[in-house]
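Trainee: File structure34.cif follows (mmCIF, C-alpha atoms and all ligand atoms):
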```
data_structure
#
loop_
_atom_site.label_atom_id
_atom_site.label_comp_id
_atom_site.auth_asym_id
_atom_site.auth_seq_id
_atom_site.Cartn_x
_atom_site.Cartn_y
_atom_site.Cartn_z
CA MET A 1 20.88 10.27 4.59
CA PRO A 2 20.76 13.25 2.23
CA LEU A 3 18.36 13.20 -0.69
CA PRO A 4 19.95 11.47 -3.66
CA GLN A 5 21.34 13.65 -6.41
CA ALA A 6 18.78 12.13 -8.78
CA VAL A 7 16.22 14.61 -7.42
CA THR A 8 16.20 17.00 -10.34
CA PRO A 9 14.93 20.55 -10.08
CA ARG A 10 11.38 21.08 -11.25
CA ARG A 11 10.51 24.72 -11.75
CA SER A 12 12.07 27.26 -9.49
CA ARG A 13 10.23 25.76 -6.51
CA LEU A 14 12.59 22.78 -6.49
CA ALA A 15 15.71 24.90 -6.20
CA CYS A 16 17.91 24.22 -3.20
CA THR A 17 15.88 26.37 -0.85
CA PRO A 18 16.14 26.30 2.94
CA GLU A 19 12.75 24.59 2.90
CA ARG A 20 14.04 21.86 0.64
CA LEU A 21 17.07 21.37 2.80
CA ALA A 22 14.77 21.19 5.79
CA THR A 23 12.79 18.47 4.08
CA ALA A 24 15.94 16.56 3.25
CA ALA A 25 16.89 16.89 6.89
CA LEU A 26 13.46 15.62 7.87
CA LEU A 27 13.96 12.47 5.80
CA ALA A 28 17.49 12.10 7.07
CA PHE A 29 16.24 12.52 10.63
CA SER A 30 13.62 9.84 10.00
CA GLY A 31 16.33 7.51 8.70
CA ILE A 32 14.28 7.01 5.58
CA ALA A 33 15.76 5.82 2.33
CA ALA A 34 14.22 8.04 -0.30
CA VAL A 35 14.53 7.11 -3.94
CA ALA A 36 14.06 9.90 -6.40
CA VAL A 37 13.87 9.39 -10.12
CA ALA A 38 13.28 11.71 -13.00
CA VAL A 39 11.15 9.36 -15.03
CA ALA A 40 11.25 11.39 -18.20
CA GLY A 41 13.18 14.34 -19.54
CA SER A 42 16.27 16.21 -18.48
CA PRO A 43 16.02 19.26 -16.19
CA ALA A 44 17.01 21.54 -19.05
CA ARG A 45 14.37 20.12 -21.33
CA ALA A 46 11.80 20.12 -18.59
CA GLN A 47 12.38 23.81 -17.95
CA SER A 48 11.78 24.52 -21.61
CA GLN A 49 8.44 22.71 -21.53
CA SER A 50 5.27 24.44 -20.46
CA GLN A 51 4.31 23.80 -16.85
CA SER A 52 1.19 21.90 -17.92
CA GLN A 53 3.38 19.16 -19.37
CA GLU A 54 5.07 18.15 -16.13
CA ILE A 55 3.80 16.85 -12.81
CA GLY A 56 5.47 15.93 -9.56
CA VAL A 57 4.53 12.56 -8.05
CA TYR A 58 5.35 11.53 -4.50
CA SER A 59 4.84 7.79 -4.13
CA GLY A 60 4.86 5.51 -1.11
CA ARG A 61 4.61 2.46 -3.35
CA HIS A 62 7.93 0.73 -2.79
CA TYR A 63 7.98 -1.14 -6.10
CA ASN A 64 10.53 -0.16 -8.74
CA THR A 65 8.34 -1.65 -11.45
CA ASP A 66 5.98 1.35 -11.35
CA LYS A 67 8.40 3.50 -13.34
CA ALA A 68 7.67 1.78 -16.66
CA LEU A 69 4.04 2.76 -16.27
CA TYR A 70 4.85 6.44 -15.68
CA GLU A 71 6.89 6.30 -18.89
CA GLN A 72 3.87 4.88 -20.73
CA PHE A 73 1.78 7.75 -19.40
CA THR A 74 4.34 10.28 -20.67
CA ALA A 75 4.43 8.59 -24.09
CA ARG A 76 0.62 8.78 -24.34
CA THR A 77 0.04 12.28 -23.02
CA GLY A 78 3.30 14.20 -23.31
CA ILE A 79 3.06 14.93 -19.57
CA LYS A 80 6.38 14.29 -17.88
CA VAL A 81 6.52 12.73 -14.42
CA LYS A 82 9.05 13.70 -11.77
CA LEU A 83 8.92 10.92 -9.21
CA LEU A 84 10.01 10.83 -5.59
CA GLU A 85 9.59 7.51 -3.81
CA ALA A 86 9.88 7.31 -0.03
CA LYS A 87 7.99 5.82 2.89
CA ASP A 88 4.34 6.85 3.11
CA ASP A 89 4.54 8.56 6.49
CA ALA A 90 7.61 10.57 5.45
CA LEU A 91 5.85 11.72 2.29
CA ILE A 92 2.79 12.83 4.24
CA GLN A 93 5.08 14.82 6.57
CA ARG A 94 6.96 16.22 3.61
CA VAL A 95 3.82 17.47 1.84
CA ARG A 96 2.68 19.06 5.10
CA SER A 97 5.98 20.84 5.66
CA GLU A 98 6.26 22.02 2.05
CA GLY A 99 2.72 23.40 2.13
CA SER A 100 1.70 25.45 -0.89
CA LYS A 101 5.28 25.38 -2.17
CA SER A 102 5.28 21.60 -2.63
CA PRO A 103 6.53 20.54 -6.06
CA ALA A 104 4.22 17.50 -5.89
CA ASP A 105 0.91 17.36 -7.71
CA VAL A 106 -0.01 13.74 -6.91
CA LEU A 107 0.46 11.76 -3.71
CA VAL A 108 0.37 7.96 -4.04
CA LEU A 109 -0.01 6.05 -0.77
CA VAL A 110 -0.26 2.45 0.30
CA ASP A 111 -3.18 1.38 2.52
CA ALA A 112 -6.58 2.97 2.99
CA ALA A 113 -5.69 4.18 6.48
CA ARG A 114 -2.90 6.39 5.14
CA LEU A 115 -5.04 7.78 2.32
CA ASP A 116 -7.71 8.64 4.86
CA GLN A 117 -5.11 10.26 7.13
CA ALA A 118 -3.79 12.43 4.29
CA ALA A 119 -7.37 13.44 3.42
CA ASP A 120 -8.09 14.32 7.07
CA LEU A 121 -4.98 16.50 7.12
CA GLY A 122 -6.45 18.43 4.18
CA LEU A 123 -3.65 17.47 1.77
CA PHE A 124 -5.91 16.40 -1.12
CA ARG A 125 -8.33 18.46 -3.20
CA PRO A 126 -11.66 16.95 -4.28
CA SER A 127 -11.17 15.81 -7.88
CA PRO A 128 -14.40 14.78 -9.52
CA SER A 129 -13.91 12.60 -12.58
CA ALA A 130 -16.41 10.64 -14.64
CA ALA A 131 -13.62 8.26 -15.71
CA LEU A 132 -12.71 7.50 -12.10
CA LEU A 133 -16.34 7.01 -11.09
CA ARG A 134 -16.51 4.46 -13.89
CA ASP A 135 -13.19 2.69 -13.27
CA VAL A 136 -12.88 2.71 -9.46
CA PRO A 137 -15.50 0.69 -7.56
CA ILE A 138 -17.46 2.78 -5.09
CA ASN A 139 -16.03 1.03 -2.00
CA LEU A 140 -12.45 1.66 -3.16
CA ARG A 141 -12.60 5.46 -3.35
CA ASP A 142 -13.24 8.43 -1.11
CA SER A 143 -16.86 9.60 -1.17
CA LYS A 144 -15.67 13.21 -1.49
CA GLY A 145 -13.40 12.40 -4.47
CA ARG A 146 -10.19 13.26 -2.61
CA TRP A 147 -8.50 9.90 -3.32
CA TYR A 148 -9.06 6.86 -5.47
CA GLY A 149 -7.91 3.25 -5.12
CA LEU A 150 -5.61 1.98 -7.87
CA THR A 151 -4.69 -1.59 -6.92
CA ARG A 152 -5.95 -4.21 -4.48
CA ARG A 153 -4.17 -6.59 -2.12
CA VAL A 154 -5.58 -9.22 0.24
CA ARG A 155 -4.42 -9.85 3.81
CA VAL A 156 -4.06 -13.63 3.44
CA VAL A 157 -3.35 -16.46 5.85
CA VAL A 158 -0.16 -18.39 5.12
CA VAL A 159 0.08 -21.92 6.50
CA ASN A 160 2.83 -24.50 6.89
CA PRO A 161 0.83 -27.69 6.19
CA LYS A 162 3.24 -29.78 8.30
CA GLN A 163 2.14 -27.83 11.37
CA VAL A 164 -1.39 -26.66 10.71
CA ASN A 165 -4.12 -28.16 8.55
CA PRO A 166 -4.92 -25.46 5.95
CA ALA A 167 -8.54 -26.68 5.84
CA SER A 168 -8.90 -25.72 9.52
CA ILE A 169 -8.62 -22.00 8.62
CA ARG A 170 -11.74 -20.67 6.96
CA THR A 171 -12.07 -17.20 8.48
CA TYR A 172 -9.85 -14.68 10.28
CA ALA A 173 -11.74 -15.69 13.44
CA ASP A 174 -10.22 -19.18 13.18
CA LEU A 175 -6.79 -17.71 14.02
CA ALA A 176 -8.01 -17.22 17.59
CA SER A 177 -8.68 -20.94 18.03
CA PRO A 178 -6.84 -22.33 21.10
CA SER A 179 -5.61 -25.19 18.86
CA LEU A 180 -3.13 -22.70 17.34
CA LYS A 181 -1.41 -21.85 20.64
CA GLY A 182 2.27 -21.15 20.02
CA LYS A 183 1.84 -21.58 16.28
CA LEU A 184 0.58 -18.16 15.17
CA CYS A 185 3.09 -15.51 14.07
CA LEU A 186 2.02 -11.89 13.64
CA ARG A 187 3.58 -8.67 12.50
CA ASP A 188 3.53 -5.96 15.16
CA ARG A 189 0.91 -3.32 15.92
CA LYS A 190 2.79 -0.62 14.02
CA SER A 191 1.91 -2.36 10.75
CA VAL A 192 -0.82 -0.35 9.04
CA TYR A 193 -1.76 -3.55 7.23
CA ASN A 194 -2.71 -5.21 10.52
CA GLN A 195 -4.35 -2.02 11.79
CA SER A 196 -6.61 -2.04 8.74
CA LEU A 197 -7.40 -5.74 9.18
CA VAL A 198 -8.47 -5.10 12.79
CA ALA A 199 -10.52 -2.08 11.64
CA ASP A 200 -12.14 -4.39 9.08
CA GLN A 201 -13.10 -6.92 11.73
CA LEU A 202 -14.39 -4.13 14.00
CA ILE A 203 -16.69 -3.02 11.19
CA LEU A 204 -17.86 -6.51 10.27
CA ARG A 205 -18.11 -8.16 13.68
CA GLY A 206 -18.54 -5.33 16.18
CA ASP A 207 -16.37 -4.20 19.08
CA ALA A 208 -16.87 -7.12 21.48
CA ALA A 209 -16.25 -9.90 18.94
CA ALA A 210 -13.25 -8.07 17.47
CA ALA A 211 -11.75 -7.61 20.95
CA ALA A 212 -12.21 -11.31 21.78
CA TRP A 213 -10.64 -12.21 18.45
CA VAL A 214 -7.56 -10.04 19.02
CA LYS A 215 -7.19 -11.38 22.55
CA GLY A 216 -7.44 -14.96 21.29
CA MET A 217 -4.83 -14.39 18.60
CA VAL A 218 -2.43 -12.68 21.02
CA ALA A 219 -2.76 -15.72 23.31
CA ASN A 220 -1.71 -17.92 20.36
CA VAL A 221 1.27 -15.80 19.28
CA ARG A 222 4.69 -17.28 19.09
CA GLN A 223 6.90 -14.41 20.27
CA PRO A 224 8.43 -12.14 19.23
CA PHE A 225 6.16 -10.16 16.90
CA PHE A 226 7.62 -9.55 13.43
CA THR A 227 8.41 -6.13 11.96
CA SER A 228 7.71 -6.99 8.31
CA ASP A 229 5.80 -9.52 6.21
CA THR A 230 8.52 -11.29 4.21
CA PRO A 231 10.54 -12.61 7.21
CA LEU A 232 7.25 -13.84 8.65
CA ILE A 233 6.55 -15.85 5.48
CA ARG A 234 10.07 -17.31 5.63
CA ALA A 235 9.56 -18.27 9.29
CA ILE A 236 6.36 -20.12 8.41
CA ALA A 237 8.10 -21.95 5.55
CA ASN A 238 10.98 -22.86 7.87
CA GLY A 239 8.58 -24.26 10.44
CA GLN A 240 9.33 -21.68 13.16
CA CYS A 241 5.67 -20.69 12.86
CA GLY A 242 2.69 -22.71 11.70
CA VAL A 243 0.48 -19.92 10.44
CA GLY A 244 0.46 -16.14 9.97
CA LEU A 245 -1.07 -13.11 8.25
CA VAL A 246 0.61 -11.28 5.36
CA ASN A 247 -0.20 -9.28 2.23
CA SER A 248 -0.78 -11.40 -0.86
CA TYR A 249 1.85 -9.68 -3.01
CA TYR A 250 4.70 -10.58 -0.65
CA VAL A 251 3.95 -14.30 -1.01
CA ALA A 252 3.48 -13.94 -4.77
CA ARG A 253 6.83 -12.15 -5.10
CA MET A 254 8.59 -15.03 -3.33
CA ALA A 255 6.67 -17.70 -5.27
CA ALA A 256 7.55 -16.00 -8.56
CA GLY A 257 11.24 -16.14 -7.66
CA GLU A 258 11.55 -12.34 -7.72
CA SER A 259 13.46 -12.32 -4.43
CA GLY A 260 15.72 -15.24 -5.36
CA ALA A 261 15.76 -19.02 -5.68
CA ALA A 262 15.92 -19.58 -1.92
CA ASP A 263 12.68 -17.64 -1.34
CA LYS A 264 11.04 -19.45 -4.26
CA ALA A 265 11.89 -22.80 -2.66
CA LEU A 266 10.53 -21.59 0.69
CA ALA A 267 7.30 -20.40 -0.92
CA SER A 268 6.75 -23.89 -2.37
CA ARG A 269 6.46 -25.23 1.19
CA ILE A 270 3.56 -23.05 2.24
CA LYS A 271 -0.11 -22.77 1.43
CA VAL A 272 -2.05 -19.53 0.93
CA VAL A 273 -5.53 -19.49 2.42
CA PHE A 274 -8.05 -16.78 1.59
CA PRO A 275 -10.31 -16.33 4.60
CA THR A 276 -13.94 -16.03 3.49
CA PRO A 277 -14.84 -13.25 3.22
CA ALA A 278 -11.41 -11.70 2.64
CA HIS A 279 -10.10 -8.32 3.81
CA VAL A 280 -9.02 -6.28 0.79
CA ASN A 281 -6.91 -3.15 1.00
CA ILE A 282 -5.65 -0.76 -1.66
CA SER A 283 -2.91 1.49 -2.85
CA GLY A 284 -4.32 4.73 -4.16
CA ALA A 285 -3.71 8.36 -5.01
CA GLY A 286 -5.14 11.85 -4.87
CA VAL A 287 -4.45 15.24 -6.39
CA LEU A 288 -2.77 17.46 -3.83
CA LYS A 289 -4.28 20.74 -2.71
CA SER A 290 -0.91 22.34 -3.49
CA ALA A 291 -0.90 21.02 -7.09
CA THR A 292 -0.08 23.59 -9.74
CA ASN A 293 -1.09 21.17 -12.49
CA PRO A 294 -4.26 19.59 -11.08
CA ALA A 295 -5.68 18.74 -14.51
CA ALA A 296 -2.53 16.89 -15.57
CA ALA A 297 -2.34 15.26 -12.13
CA LEU A 298 -5.88 13.95 -12.48
CA LYS A 299 -5.01 12.61 -15.93
CA LEU A 300 -2.27 10.49 -14.38
CA ILE A 301 -4.63 9.08 -11.75
CA GLU A 302 -7.24 8.37 -14.45
CA PHE A 303 -4.59 6.56 -16.48
CA LEU A 304 -3.44 4.48 -13.50
CA ALA A 305 -7.05 3.51 -12.70
CA SER A 306 -7.95 2.69 -16.31
CA PRO A 307 -8.02 -0.97 -17.35
CA THR A 308 -4.72 -0.52 -19.25
CA GLY A 309 -2.80 1.50 -16.68
CA GLY A 310 -4.35 -0.33 -13.77
CA ARG A 311 -3.35 -3.72 -15.07
CA GLY A 312 0.25 -2.58 -15.38
CA TYR A 313 0.32 -1.01 -11.93
CA ALA A 314 -1.14 -4.15 -10.34
CA GLU A 315 0.70 -6.84 -12.27
CA ALA A 316 4.12 -5.34 -11.77
CA ASN A 317 3.77 -5.76 -8.01
CA ASN A 318 1.71 -8.97 -8.00
CA GLU A 319 -1.39 -7.08 -6.87
CA TYR A 320 -4.98 -7.47 -7.98
CA PRO A 321 -6.48 -4.90 -10.35
CA LEU A 322 -9.46 -2.80 -9.25
CA LYS A 323 -11.89 -5.16 -10.97
CA GLY A 324 -11.53 -8.92 -11.43
CA ASN A 325 -8.56 -10.97 -10.30
CA GLY A 326 -6.23 -10.28 -13.26
CA ASN A 327 -4.07 -12.72 -15.17
CA ASN A 328 -1.04 -13.08 -12.91
CA PRO A 329 -0.27 -16.84 -13.03
CA VAL A 330 1.20 -16.88 -9.52
CA LEU A 331 -1.87 -15.20 -8.02
CA GLN A 332 -4.08 -17.56 -10.01
CA ARG A 333 -2.31 -20.52 -8.39
CA PHE A 334 -3.39 -19.16 -4.99
CA GLY A 335 -7.04 -19.58 -6.03
CA SER A 336 -9.87 -17.06 -5.89
CA PHE A 337 -11.25 -15.00 -3.04
CA LYS A 338 -14.48 -13.34 -2.02
CA ALA A 339 -13.93 -9.75 -0.89
CA ASP A 340 -15.81 -8.71 2.24
CA GLY A 341 -16.94 -5.44 0.62
CA VAL A 342 -15.88 -3.17 3.50
CA SER A 343 -15.09 0.25 2.07
CA ALA A 344 -11.60 1.66 2.14
CA GLU A 345 -13.02 4.86 3.60
CA GLN A 346 -14.52 2.93 6.54
CA LEU A 347 -11.15 1.26 7.19
CA GLY A 348 -9.56 4.68 7.54
CA ALA A 349 -12.34 5.95 9.77
CA ARG A 350 -11.90 3.06 12.22
CA ASN A 351 -8.09 3.09 12.22
CA LYS A 352 -7.64 4.82 15.60
CA ALA A 353 -10.19 2.51 17.25
CA ALA A 354 -8.35 -0.48 15.78
CA VAL A 355 -4.98 0.65 17.12
CA ARG A 356 -6.48 1.19 20.59
CA LEU A 357 -8.09 -2.25 20.51
CA MET A 358 -4.77 -3.86 19.58
CA GLU A 359 -2.95 -1.95 22.29
CA VAL A 360 -5.32 -2.82 25.15
CA ASN A 361 -5.40 -6.48 24.14
CA GLY A 362 -1.65 -7.02 24.04
CA TRP A 363 -0.86 -6.84 20.31
CA GLN A 364 2.70 -5.55 20.62
FE FE B 1 3.98 -3.56 1.49
#
```
Once more with this new file: its structure as structure tokens, please.

Mentor:
Amino acid sequence: MPLPQAVTPRRSRLACTPERLATAALLAFSGIAAVAVAVAGSPARAQSQSQSQEIGVYSGRHYNTDKALYEQFTARTGIKVKLLEAKDDALIQRVRSEGSKSPADVLVLVDAARLDQAADLGLFRPSPSAALLRDVPINLRDSKGRWYGLTRRVRVVVVNPKQVNPASIRTYADLASPSLKGKLCLRDRKSVYNQSLVADQLILRGDAAAAAWVKGMVANVRQPFFTSDTPLIRAIANGQCGVGLVNSYYVARMAAGESGAADKALASRIKVVFPTPAHVNISGAGVLKSATNPAAALKLIEFLASPTGGRGYAEANNEYPLKGNGNNPVLQRFGSFKADGVSAEQLGARNKAAVRLMEVNGWQ
């Protein structure tokens, strides 16, 4: 599909150049639904502003609720935000193909593995910041300052108590128990969320134990593998599956009724179990190497990581803030968790090994 008309020109670089058309074609070729929103200001007004008062943000966070927070940032700082939302992998490709001409100053991505990939590709510039060192825990940011975590999510176990005793699941390792044969449902290997979970277990338990665990889970899987988290949660609630692995915010969204009354009713039939210790992942952001407004870009990231901005970013999508568990009543109902402390940077570093391990042990 072509880029929506809502993509408004930002400086002359966003004019309808062959490069821009090529990027639109890239997204169209990928079949990706891009959502572009000018969060603040009209093109005419934006052009009359100095360049330092406007930044381009490419975001892989697929949550419409983020826009209110960008508006808050503009109200506080006078810096306008031009937002393009699309899938993470498409945005990484887009920044690569645009090169130094990219209109984006900030790239927001979901999952540590993708942030690490973008850093490896040289897309981010190191952005030292005392505020970010203070607000972002050391294990949730890049050691070279190229990206910073902004929100946290837990890969939780969801159980249908009619099929599986929730008390029988205490760790991720328990999902390989032969007692769960035919009852475990998993999302497929393409899911970066599962890749990061396997990387996490590789780091914590070593190669041999992680391989045995994956093999054990694959032996328990009720086919076919799922392609997204929400249908998997519904299948557990409906009794097609007894137990599965999903991101915490998908369950919270259903339990809060945000995806409709039917999903809310389904969510009431299931139990969320936090394995101890729990695998925590992040969404995060970095200032792009191509940024023409790196100072303003860093200000946005500092705002999003601050207690005020961070709370808004997390709560709107039922995520956990960078520190503490927040005040979201639905998440509070799930109980508390103990994070395993594995660093987001390590998760990225072991991503390829995790994918290989899944592949050789039959995780489709
Ligand atoms: Fe997601």

Trainee: Which polymer residues have any atom within 6 Å of an atom of Leu184 of chain A, counting all atoms listed in the file, with same-chain residues fewer than 6 positions away left out, as a PDB file with C-alpha atoms, in the coordinates of the input?

Mentor:
```pdb
ATOM      1  CA  ASN A 220      -1.710 -17.920  20.360  1.00  0.00           C
ATOM      2  CA  VAL A 221       1.270 -15.800  19.280  1.00  0.00           C
ATOM      3  CA  ARG A 222       4.690 -17.280  19.090  1.00  0.00           C
ATOM      4  CA  VAL A 243       0.480 -19.920  10.440  1.00  0.00           C
ATOM      5  CA  GLY A 244       0.460 -16.140   9.970  1.00  0.00           C
TER       6      GLY A 244
END
```

Trainee: Return as a ChimeraX atom specification the residues of protein, DNA or RNA that approach ligand FE 1 (chain B) to within 12 Å, with all atoms listed in the file taken into account.

Mentor: /A:60-63,87-88,109-111,152-155,191-194,227-230,246-251,253,281-283,317-319

Trainee: From the list A:Ala210, A:Ala344, A:Val81, A:Leu197, which residue is nearest Gln117 of chain A when using all atoms listed in the file?

Mentor: A:Ala344

Trainee: Produce the centre coordinates and the three edge lengths, each in Å to one decimal, of the box along x, y and z that contains all listed atoms of segment 291-302 of chain A with 8 Å added on each side, as lines of an AutoDock Vina configuration file.

Mentor:
```
center_x = -3.7
center_y = 16.0
center_z = -11.5
size_x = 23.2
size_y = 31.2
size_z = 24.8
```

Trainee: Mind giving me the straight-line distance from atom CA of Ala112 of chain A to atom CA of Arg76 of chain A in Å, one decimal?

Mentor: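 So the answer is 28.9 Å.
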